[in-house]
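Accompanying notes for the structure given below.
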Amino acid sequence: MSEFTINAGISNTHKEHGLKKPEINQNPAAEAKVIEKEASRESSLQWQKVESKDKKGTDLQLAVDTVKISSTTVTAPQAVKAAAPALDLRKNLKDKFTGMLEKTYANIFHHNRLVAKVAEWMVGNIMERLALLGMDPTELASLKDKVREDLVFQNKVAFSQVVYDEAMLEIVA
Amino acid sequence: MSKKKTAQKKAINELKNQLFIQAERLGIRDRYTPVVMEEMKLDSLRRILTEFYMERSNLEYELNMLGSNKKEILIKLERLNAYIRKAEGLREKHSKKVEDLIGKEMGDQKRTQKAVKRLNPVRIRAAA
């Protein structure tokens, strides 16, 4: 088996991640083969020996399949996309904590004292996290104001509903 | 009053208390003065009366239709009229209560009128 066919035998995992295949043979001849493999892998091109047209000898040509899955062509797009997940994570965390703050801040005004106290503690923690994520204090204040306004409206609606029920009960009872 | 109605009233009072506590924590407890509460009740009574009137007109329409169960509709109408009378009585009662509360907040009207007369702008202008 020629050295070129040995190159074709390198698995895709080893090519993509640049991992060295474990060396089994310690003799100089085997070492030479390994060096040859490394050189061909770094160039990202793979040559293969094919039969010549006149069927008398062999010819060399680029192995198209191996070029497609070479380290350069595969890893380069991944390297470009690498920064995107970090930004997404920050944004997702910010959204998640904002939603949590809205829910928890409403509980601060709960009629149950224990629930209100726990909510106070949680709001402190969440606000700290949001500050670490780079949220503006004015933005936080506006968020809290919005929640409070909603609660005031809800309280008014609930009161009118309770009074309506009371009046209905007074009539029908 | 039956047990069920007592329980319903108790539940409503509990809800009211919880809403009052929430309002206090929100800092809007002052908004729910006795006058405001009475006005809310008056509004809800008006809403209920409107619904009753609509139901009565529907029942009357149904009564005039062919093939309807007249007996059942008449019983419903009778009951509805009783509820309407009760609601109208309550509306009168609460509107009087609102007027009394507003009058109380204004204070003694005769004394206020006397005070206004003393501050007659014509006499003040003449003295000047």
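By convention here, the chains of the structure tokens are called A, B, ... in the order presented, each chain's residues are numbered starting at 1, and ligands are numbered starting at 1 in the order presented.
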
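With the cut-off set to 9 Å and only C-alpha atoms counted, chain A residues close to chain B are Ile108, Phe109, His110, His111, Asn112, Arg148, Leu151, Val152, Asn155, Lys156, Ala158, Phe159, Ser160, Gln161, Val162, Val163, Tyr164, Asp165, Glu166, Ala167, Met168, Leu169, Glu170, Ile171, Val172 and Ala173 of chain A.
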
Atoms kept (C-alpha atoms) for selection, written as a short mmCIF file (atom, residue, chain, number, x, y, z; two decimals), in the first residue's frame:
```cif
data_model
loop_
_atom_site.label_atom_id
_atom_site.label_comp_id
_atom_site.auth_asym_id
_atom_site.auth_seq_id
_atom_site.Cartn_x
_atom_site.Cartn_y
_atom_site.Cartn_z
CA ILE A 108 -43.58 42.18 46.76
CA PHE A 109 -47.06 43.71 47.12
CA HIS A 110 -48.67 40.36 47.94
CA HIS A 111 -51.06 40.33 50.89
CA ASN A 112 -49.18 37.36 52.38
CA ARG A 148 -46.41 48.70 39.71
CA LEU A 151 -50.67 46.09 39.67
CA VAL A 152 -52.53 49.27 40.56
CA ASN A 155 -56.16 46.05 42.04
CA LYS A 156 -58.78 48.51 40.86
CA ALA A 158 -60.37 43.31 41.20
CA PHE A 159 -62.04 45.70 43.63
CA SER A 160 -64.79 46.57 41.17
CA GLN A 161 -65.34 42.86 40.51
CA VAL A 162 -65.60 42.07 44.22
CA VAL A 163 -68.04 44.94 44.76
CA TYR A 164 -70.11 43.72 41.81
CA ASP A 165 -70.24 40.21 43.29
CA GLU A 166 -71.21 41.63 46.65
CA ALA A 167 -74.04 43.65 45.11
CA MET A 168 -75.28 40.66 43.13
CA LEU A 169 -75.24 38.52 46.26
CA GLU A 170 -77.18 41.21 48.09
CA ILE A 171 -79.87 41.22 45.39
CA VAL A 172 -80.19 37.50 44.75
CA ALA A 173 -79.77 36.34 48.36
#
```

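With only C-alpha atoms taken into account, the protein and nucleic acid residues at most 8 Å from A:Tyr105 (excluding it and anything under 3 positions from it in its own chain) are A:Leu101, A:Glu102, A:Ile108, A:Phe109, A:Ala119, A:Glu120, A:Val123, A:Lys144, A:Val147.
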
Residue neighbourhood B:Lys97, 12 Å, only C-alpha atoms, exclusion window fewer than 2 positions, as a list in words: Pro34, Val35, Val36, Met37, Glu38, Glu39, Lys41, Leu42, Leu90, Arg91, Glu92, Lys93, His94, Ser95, Glu99, Asp100, Leu101, Ile102, Gly103 and Lys104 of chain B

How about saving the chosen residues, N, CA and C atoms kept, as a short mmCIF file (atom, residue, chain, number, x, y, z; two decimals), in the first residue's frame?
```cif
data_model
loop_
_atom_site.label_atom_id
_atom_site.label_comp_id
_atom_site.auth_asym_id
_atom_site.auth_seq_id
_atom_site.Cartn_x
_atom_site.Cartn_y
_atom_site.Cartn_z
N PRO B 34 -64.55 55.81 51.82
CA PRO B 34 -65.94 55.31 51.88
C PRO B 34 -66.80 55.82 50.72
N VAL B 35 -66.57 57.06 50.31
CA VAL B 35 -67.36 57.63 49.20
C VAL B 35 -67.08 56.84 47.91
N VAL B 36 -65.79 56.59 47.67
CA VAL B 36 -65.40 55.85 46.46
C VAL B 36 -66.00 54.45 46.47
N MET B 37 -65.95 53.82 47.64
CA MET B 37 -66.50 52.46 47.75
C MET B 37 -68.00 52.45 47.46
N GLU B 38 -68.69 53.46 48.01
CA GLU B 38 -70.14 53.56 47.77
C GLU B 38 -70.44 53.83 46.29
N GLU B 39 -69.60 54.66 45.70
CA GLU B 39 -69.79 54.95 44.26
C GLU B 39 -69.57 53.70 43.42
N LYS B 41 -70.09 50.70 44.39
CA LYS B 41 -71.25 49.84 44.60
C LYS B 41 -72.43 50.32 43.76
N LEU B 42 -72.59 51.63 43.73
CA LEU B 42 -73.68 52.22 42.94
C LEU B 42 -73.49 51.90 41.45
N LEU B 90 -82.11 49.09 46.37
CA LEU B 90 -80.70 49.20 46.82
C LEU B 90 -80.00 50.39 46.17
N ARG B 91 -80.31 50.62 44.91
CA ARG B 91 -79.70 51.76 44.19
C ARG B 91 -80.07 53.08 44.85
N GLU B 92 -81.37 53.18 45.21
CA GLU B 92 -81.83 54.41 45.90
C GLU B 92 -81.12 54.59 47.23
N LYS B 93 -81.04 53.46 47.94
CA LYS B 93 -80.41 53.49 49.27
C LYS B 93 -78.95 53.94 49.18
N HIS B 94 -78.25 53.37 48.23
CA HIS B 94 -76.82 53.70 48.10
C HIS B 94 -76.59 55.10 47.55
N SER B 95 -77.49 55.56 46.67
CA SER B 95 -77.31 56.93 46.15
C SER B 95 -77.52 57.95 47.28
N GLU B 99 -74.75 60.66 48.84
CA GLU B 99 -75.05 62.08 49.05
C GLU B 99 -74.74 62.49 50.48
N ASP B 100 -75.13 61.62 51.44
CA ASP B 100 -74.86 61.92 52.85
C ASP B 100 -73.36 62.01 53.12
N LEU B 101 -72.63 61.08 52.54
CA LEU B 101 -71.17 61.07 52.76
C LEU B 101 -70.51 62.32 52.18
N ILE B 102 -70.98 62.72 51.00
CA ILE B 102 -70.43 63.93 50.38
C ILE B 102 -70.78 65.15 51.23
N GLY B 103 -72.02 65.18 51.73
CA GLY B 103 -72.46 66.28 52.59
C GLY B 103 -71.63 66.37 53.86
N LYS B 104 -71.32 65.21 54.42
CA LYS B 104 -70.49 65.17 55.63
C LYS B 104 -69.11 65.74 55.36
#
```

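Compared by their closest atoms to A:Lys103, and using only C-alpha atoms, the residues A:Arg129, A:Ser52, A:Glu139, A:Lys146 rank with A:Lys146 nearest.
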
Spatial neighbours of A:Gly134, max dist 12 Å, only C-alpha atoms, sep filter under 6 positions, as a CSV table (one decimal) with C-alpha atoms, in the first residue's frame:
```csv
chain,number,residue,atom,x,y,z
A,90,ARG,CA,-26.1,37.2,27.4
A,91,LYS,CA,-29.2,38.3,25.7
A,93,LEU,CA,-30.0,35.6,30.3
A,94,LYS,CA,-31.0,39.2,30.3
A,127,MET,CA,-31.3,43.0,40.2
A,128,GLU,CA,-27.8,42.2,41.1
A,140,LEU,CA,-34.6,48.7,35.8
```

Atom CA of A:Asp150 to atom CA of A:Ala131, straight-line distance in Å: 23.6 Å
